[in-house]
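Colleague: Please find one structure pasted underneath; my questions will follow.
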Amino acid sequence: MKQDDFRKWLVSQGHTDATASSRVSSAKRVEQYLGDLDELFVQEDRDSILNRFAYTAEDERAERPNPSPVPIDGVLRTGLASLQQSLKLYHSFLTEQTNVPDKAEHQAVLDRLTRKEVDAAMQECDQLGLKAFLARSGFASPQVWVTDEGKDKSYPAKAIVAAALGHLPQGRTLSAKEFFNGFSEAQSFARLEALGYRVLRKGANGRDGPFSRDKIEAAMDALDQFRASGAYADVFSGFEEPSKYWVRSSKPRMDKRFPTKPIVGFLLGKPANALTGGWSQPHDAAARLHAAGYIIVDQNDEPLPLPEQYTHLMRGAERARLVALNYFIEPAREAGVPSVTIRAGDLHDMCGLVRNWANVCQALEGEMFQKFATVPEPTRSGPERSTTTEYTFVLARDGAAKDGIMPHAVQTATTNLILYGPPGTGKTYQTAWEAVRLCLGEEVADKLIGEEHRKQLMAEYQSLMKEERIEFVTFHQSMSYEEFVEGLQPSTGDDAREGPEELGAGVGFRLKPTEGVFKRISERARLDSSQAGTVSRLDRNARVFKVALGRRQVEEYRIRFGLDNGLIHVGWGGDIDWSDERFDDFNQIFNEWRSHKDAEATGHDGNIVVTYSFRSDMQIGDYVVVSDGRDRIKAFGKITGDYYYDGDAEFHPHRRTVDWIWRDEVGTDRGRFYPNAFRRHSVYKLNQSLIDWDALEEVVFGKRAAVADNSARDHVLIIDEINRANISKVFGELITLLEPDKRLGRRDEIQLTLPYSKKRFGVPPNLHIIGTMNTADRSIALLDTALRRRFTFKELMPDPSFLSPNIGGINLQKLLATINERIEYLFDREHQIGHAYFTGCTSPEAVEDVMRHKVIPLLAEYFYEDWAKVAAVLGDSPNAKAARFLEAIPWKKSVITGDDLTGERLRWRVKDQFDFSEFKD
């Protein structure tokens with residue numbers, strides 16, 4: 001702490017010597033418990049630090065304990081307020097000390113830079129050595145580098161600019177803090193490029209040949225177009241489907257497997273007969289793609305192990321770096337996510353390595369990968385250099401990594417925020433801006449600040465609401481866990497039936513677990529995958545049908561026929577063509593079968609039940625599992641076509657087309673995702689409430705089905721009036737899960753079993769929670785201490801500067817400031833009047849309307865109908881010569897008589913016309 005300079009600064013600001021000494025002493029007292037204040041204000045924002053000392057009048061009335069680590073002697077509220085004020089002043093002092101120019105001044109300074117100053121800075125770096133050069137100004141872990149043509153050496157770009165400014169006439173070298181606080185990186189890098197230097201951002205590894213990631217993915221796009229429309233037929237028509245070698249795309253696609261030969265043929269302009277698809281030679285197709293950091297897979301998309309005899313194939317740390325960049329870092333950047341976590345075992349298996357975990361971990365930890373991928377040093381969780389070791393890399397929103405290592409709390413990028421203040425300070429509107437900022441980023445949100453951008457902001461907000469990335473809920477005294485998280489609601493049980501019941505049978509009544517708003521948005525956030533996502537997901541709104549294509553070990557050829565030809569088929573339903581639209585209805589199928597086939601048939605007849613399930617209930621987009629007995633499945637697919645009747649079919653004429661997503665000749669256990677043994681019906685709908693979708697995704701997509709996608713977009717839950725509910729009752733056991741480090745995929749991840757559904761539940765890191773709290777609300781219980789510990793609090797107070805100084809001669813700024821000053825004197829600061837009450841006023845009549853119908857009734861509520869105090873706030877008194885807003889009319893003594901009724905009594909009346917002369921412009 002710069003206490004001597006701080007004391008001088010206070011005196012220069014008009015404080016007396018005694019006051020200055022008192023403020024310095026208070027700041028030093030805080031420093032004893034929180035550490036060096038200079039470092040603290042670098043690491044944390046001002047409001048976060050001040051919130052540790054927040055203590056309201058309500059806290060005082062409730063006798064809540066000291067929220068800060070600093071012991072207070074005397075009146076707790078007064079002592080904390082004094083410490084807060086000292087911290088505010090010290091922050092203002094530090095802000096002035098940084099002496100950072102504004103953007104216009106910054107550009108003018110940068111424009112003065114020439115190659116002379118930049119070359120001098122580079123010479124300094126050579127003389128001092130990189131480590132000492134960076135440490136001199138406080139820079140660390142450079143991610144963007146600058147080099148000159150003809151030179152092999154590169155230099156840290158930001159530190160070079162900061163040092164080059166010191167070589168200007170009357171210039172000075174900037175510290176890292178000064179550079180980050182005011183100097184635009186984009187402008188600095190643009191100046192370097194304008195001077196003829198080369199700035200190395202992502203892609204600085206120099207892989208710009210025909211096998212760059214962009215060009216390989218473009219070749220895959222072209223092959224997709226050829227398959228769909230015949231485009232590029234002159235290139236691809238000569239290639240046949242491979243039997244062994246495929247390459248996996250690093251971008252989200254329906255089918256990520258591509259044959260190696262046509263991809264390389266497209267890139268090199270070579271025909272099929274000029275290429276070999278394997279990797280036995282360096283120039284073979286798979287070998288070329290392998291060398292570019294791509295994964296070579298078999299027809300089931302499983303990575304192929306690297307043959308030991310092919311020594312030319314890249315292995316070890318070098319291979320791990322390329323694959324990590326292609327399949328983790330770049331996709332996450334393209335998705336705009338703040339961080340990406342790489343599990344060593346997953347990367348090891350993707351690389352096709354064998355028992356080589358140490359090399360993978362070494363690659364992810366080393367400086368070479370940080371420079372190669374332009375990422376900062378990662379944070380590590382889990383055991384040291386093991387298959388379960390995880391490395392989290394923080395990514396900047398613009399795709400370039402930021403200098404310095406961010407603490408774990410920042411890397412989680414999870415916001416728990418409560419906006420609090422008196423009514424009318426714009427808390428609810430501010431939540432819209434915060435939500436848009438969290439969903440779309442700082443750059444977008446910064447352009448939406450100000451009343452002139454209000455419509456655009458709300459348009460973005462409403463759009464995100466429609467995308468279901470933002471949910472809004474208002475708490476109230478009756479809010480419950482069952483409404484917010486999950487509870488039991490009555491149901492007829494229709495969604496739990498496995499196929500249609502007998503015609504006319506009752507379905508009964510039951511209670512089923514129903515998700516509340518918190519669980520719904522938590523699951524949406526957890527399962528979200530942007531278009532650039534790297535994790536495959538199933539549509540959890542689709543239904544799943546069980547299908548038997550033939551009798552096990554008896555009609556295997558029928559099962560094989562369906563799997564090989566993308567079909568499901570049944571023999572139930574006889575030789576009737578059920579294609580007519582009228583058979584959408586169960587009763588029509590029932591009546592048709594009884595009329596033409598079996599007059600005694602019941603609703604349980606397989607020809608009716610199976611036909612309805614297969615022809616009418618099943619829809620395009622639903623899923624099917626092919627059973628292998630009662631307890632195994634061997635294929636999973638998605639319905640792509642409507643029912644059709646094939647009269648020439650050798651067997652089972654009733655058919656539909658399917659896109660098989662997963663198939664396995666050995667099959668897998670049904671119990672992995674569904675608890676009930678399969679029924680004997682050839683086709684029926686599974687009980688949707690019993691399907692374990694996470695387990696089913698793991699069956700279908702393998703270990704790549706992660707709990708949370710690194711590319712998942714941010715979601716926001718807004719809780720208005722968060723302090724009006726019983727927090728313990730509403731959140732229950734889930735209050736712990738709100739903490740950023742307890743979120744899914746984080747260091748101290750916690751999952752709980754929900755009491756009604758009995759399913760495991762955790763809160764994803766990309767779900768942000770924003771609450772609002774009206775400090776003037778007296779109808780609420782005490783704010784839960786557990787909630788206080790898990791949220792950051794940001795105060796929003798009335799700001800008269802938002803108002804006009806002249807509305808028909810009325811100075812609204814003066815009006816609001818005067819009223820609030822009197823309220824704070826008579827009551828407290830938490831019950832002030834917010835500026836939002838007056839922001840819509842464009843005429844004196846509108847101002848009068850707000851005063852009459854909003855402000856005066858609110859004041860009457862504040863002061864419990866003590867009209868003398870209401871009048872005092874408005875500047876009226878019983879003895880005033882001219883009343884402005886309230887008139888005091890003495891009661892006539894003749895109204896009531898009695899010896900004990902002495903003294904003047906008044907009745908108050910709101911005037912018909914207000915006098916705003918006290919607040920004239």
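By order in the structure tokens, chains are A, B, ...; within a chain, residues start at 1; ligands start at 1, following the order shown.
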Do a neighbour search on range 22-30 of chain A at 8 Å with only C-alpha atoms, toss out local chain neighbours closer than 4 positions, and write the hits as a list in words.
Modeller: Met1, Gln3, Phe6, Arg7, Ala18, Leu34, Gly35, Val70, Ser82, Leu83, Ser86, Leu87 and Tyr90 of chain A
Colleague: Set the distance at 6 Å and use only C-alpha atoms: which residues neighbour range 636-648 of chain A once local chain neighbours fewer than 4 positions away are removed? I'd like the list as number ranges by chain.
Modeller: A: 577, 615, 620-625, 653-662
Colleague: Would you mind exporting C-alpha atoms of the selected residues as a tab-separated table (two decimals), in the first residue's frame?
Modeller:
```tsv
chain	number	residue	atom	x	y	z
A	577	ASP	CA	-51.47	-51.56	-47.21
A	615	ARG	CA	-47.31	-47.05	-38.91
A	620	ILE	CA	-39.81	-39.25	-38.46
A	621	GLY	CA	-37.12	-38.14	-36.03
A	622	ASP	CA	-37.93	-40.75	-33.39
A	623	TYR	CA	-35.28	-43.30	-32.41
A	624	VAL	CA	-35.35	-47.09	-32.59
A	625	VAL	CA	-33.30	-49.73	-30.81
A	653	PRO	CA	-43.83	-55.95	-46.33
A	654	HIS	CA	-44.42	-53.13	-43.80
A	655	ARG	CA	-41.31	-50.95	-43.79
A	656	ARG	CA	-39.67	-47.64	-42.86
A	657	THR	CA	-36.22	-46.19	-43.58
A	658	VAL	CA	-33.72	-45.65	-40.77
A	659	ASP	CA	-30.34	-43.96	-40.43
A	660	TRP	CA	-28.32	-46.32	-38.24
A	661	ILE	CA	-26.25	-44.21	-35.83
A	662	TRP	CA	-24.72	-47.16	-33.98
```
Colleague: Got a sec: who's within 12 Å of Asp224 in chain A, counting only C-alpha atoms, leaving out chain neighbours fewer than 4 positions off, as a PyMOL selection string?
Modeller: chain A and resi 217-220+228-233+236+249+253-259+262-263
Colleague: Set the distance at 12 Å and use only C-alpha atoms: which residues neighbour Leu76 in chain A once local chain neighbours fewer than 6 positions away are removed? I'd like the list as a list in words.
Modeller: Phe53, Ala54, Tyr55, Thr56, Ala57, Asp59, Glu60, Arg61, Glu63, Arg64, Pro65, Asn66, Pro67, Ser68, Val70, Ser82 and Leu83 of chain A
Colleague: Would you write out those residues with N, CA, C and O atoms, as a JSON list (two decimals), in the first residue's frame?
Modeller:
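part-v9.json was written with the following content:
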```json
[["chain", "number", "residue", "atom", "x", "y", "z"],
["A", 53, "PHE", "N", -17.80, -5.77, 2.90],
["A", 53, "PHE", "CA", -18.05, -4.88, 4.03],
["A", 53, "PHE", "C", -19.48, -4.32, 3.99],
["A", 53, "PHE", "O", -19.79, -3.38, 4.72],
["A", 54, "ALA", "N", -20.33, -4.91, 3.13],
["A", 54, "ALA", "CA", -21.70, -4.41, 3.00],
["A", 54, "ALA", "C", -22.53, -4.79, 4.23],
["A", 54, "ALA", "O", -22.53, -5.95, 4.66],
["A", 55, "TYR", "N", -23.21, -3.82, 4.80],
["A", 55, "TYR", "CA", -24.02, -4.06, 5.99],
["A", 55, "TYR", "C", -25.13, -3.00, 6.02],
["A", 55, "TYR", "O", -24.88, -1.82, 6.20],
["A", 56, "THR", "N", -26.37, -3.45, 5.82],
["A", 56, "THR", "CA", -27.49, -2.53, 5.68],
["A", 56, "THR", "C", -28.19, -2.31, 7.02],
["A", 56, "THR", "O", -27.91, -2.98, 8.02],
["A", 57, "ALA", "N", -29.15, -1.37, 6.98],
["A", 57, "ALA", "CA", -29.95, -1.13, 8.18],
["A", 57, "ALA", "C", -30.75, -2.37, 8.55],
["A", 57, "ALA", "O", -30.97, -2.66, 9.73],
["A", 59, "ASP", "N", -29.75, -5.44, 8.04],
["A", 59, "ASP", "CA", -28.80, -6.32, 8.70],
["A", 59, "ASP", "C", -28.64, -5.94, 10.17],
["A", 59, "ASP", "O", -28.56, -6.80, 11.06],
["A", 60, "GLU", "N", -28.60, -4.63, 10.40],
["A", 60, "GLU", "CA", -28.41, -4.15, 11.77],
["A", 60, "GLU", "C", -29.62, -4.50, 12.63],
["A", 60, "GLU", "O", -29.47, -4.97, 13.77],
["A", 61, "ARG", "N", -30.84, -4.30, 12.07],
["A", 61, "ARG", "CA", -32.04, -4.62, 12.83],
["A", 61, "ARG", "C", -32.11, -6.12, 13.14],
["A", 61, "ARG", "O", -32.62, -6.53, 14.17],
["A", 63, "GLU", "N", -29.59, -7.96, 13.59],
["A", 63, "GLU", "CA", -28.40, -8.30, 14.39],
["A", 63, "GLU", "C", -27.55, -9.38, 13.72],
["A", 63, "GLU", "O", -27.09, -10.33, 14.34],
["A", 64, "ARG", "N", -27.39, -9.23, 12.39],
["A", 64, "ARG", "CA", -26.56, -10.18, 11.66],
["A", 64, "ARG", "C", -25.09, -9.98, 12.02],
["A", 64, "ARG", "O", -24.68, -8.87, 12.35],
["A", 65, "PRO", "N", -24.30, -11.02, 11.89],
["A", 65, "PRO", "CA", -22.88, -10.91, 12.29],
["A", 65, "PRO", "C", -22.07, -10.11, 11.28],
["A", 65, "PRO", "O", -22.51, -9.84, 10.15],
["A", 66, "ASN", "N", -20.88, -9.75, 11.68],
["A", 66, "ASN", "CA", -19.95, -9.01, 10.83],
["A", 66, "ASN", "C", -19.61, -9.85, 9.59],
["A", 66, "ASN", "O", -19.08, -10.95, 9.71],
["A", 67, "PRO", "N", -19.93, -9.35, 8.36],
["A", 67, "PRO", "CA", -19.66, -10.15, 7.16],
["A", 67, "PRO", "C", -18.19, -10.10, 6.72],
["A", 67, "PRO", "O", -17.78, -10.86, 5.85],
["A", 68, "SER", "N", -17.42, -9.17, 7.29],
["A", 68, "SER", "CA", -16.03, -8.98, 6.86],
["A", 68, "SER", "C", -15.08, -9.72, 7.79],
["A", 68, "SER", "O", -15.44, -10.08, 8.91],
["A", 70, "VAL", "N", -12.55, -8.30, 9.12],
["A", 70, "VAL", "CA", -11.94, -7.26, 9.96],
["A", 70, "VAL", "C", -12.77, -7.07, 11.22],
["A", 70, "VAL", "O", -13.96, -6.74, 11.13],
["A", 82, "SER", "N", -17.25, 2.99, 7.41],
["A", 82, "SER", "CA", -16.01, 3.76, 7.41],
["A", 82, "SER", "C", -14.91, 3.04, 6.62],
["A", 82, "SER", "O", -14.18, 3.65, 5.83],
["A", 83, "LEU", "N", -14.82, 1.71, 6.82],
["A", 83, "LEU", "CA", -13.83, 0.94, 6.06],
["A", 83, "LEU", "C", -14.15, 0.96, 4.57],
["A", 83, "LEU", "O", -13.25, 1.07, 3.73]]
```
Colleague: Please return as a PyMOL selection string: the residues of range 403-646 of chain A that backbone DSSP assigns to alpha helix (DSSP H).
Modeller: chain A and resi 408-411+427-440+442-446+454-466+481-484+517-527+556-565+586-596+606-611
Colleague: In Å, rounded to a single decimal, give me how far CA of Ile719 in chain A is from CA of Cys439 in chain A.
Modeller: 16.4 Å
Colleague: Compare A:Ala285, A:Val146, A:Leu322, A:Met350 by their minimum atom-to-atom distance to Lys261 in chain A, counting only C-alpha atoms, and give me the closest one.
Modeller: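 Nearest to Lys261 in chain A: A:Ala285.
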Colleague: Find the spatial neighbours of Thr379 in chain A, counting only C-alpha atoms, within a cut-off of 8 Å - ignore same-chain residues fewer than 2 positions away - and output them as a list of chain:residue names.
Modeller: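 Everything that qualifies: A:Glu377, A:Ser381, A:Tyr391, A:Thr392, A:Phe393, A:His408.
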Colleague: CA of Ala121 in chain A and CA of Ile160 in chain A are how many Å apart?
Modeller: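 Atom-to-atom, CA of Ala121 in chain A to CA of Ile160 in chain A, that is 5.7 Å.
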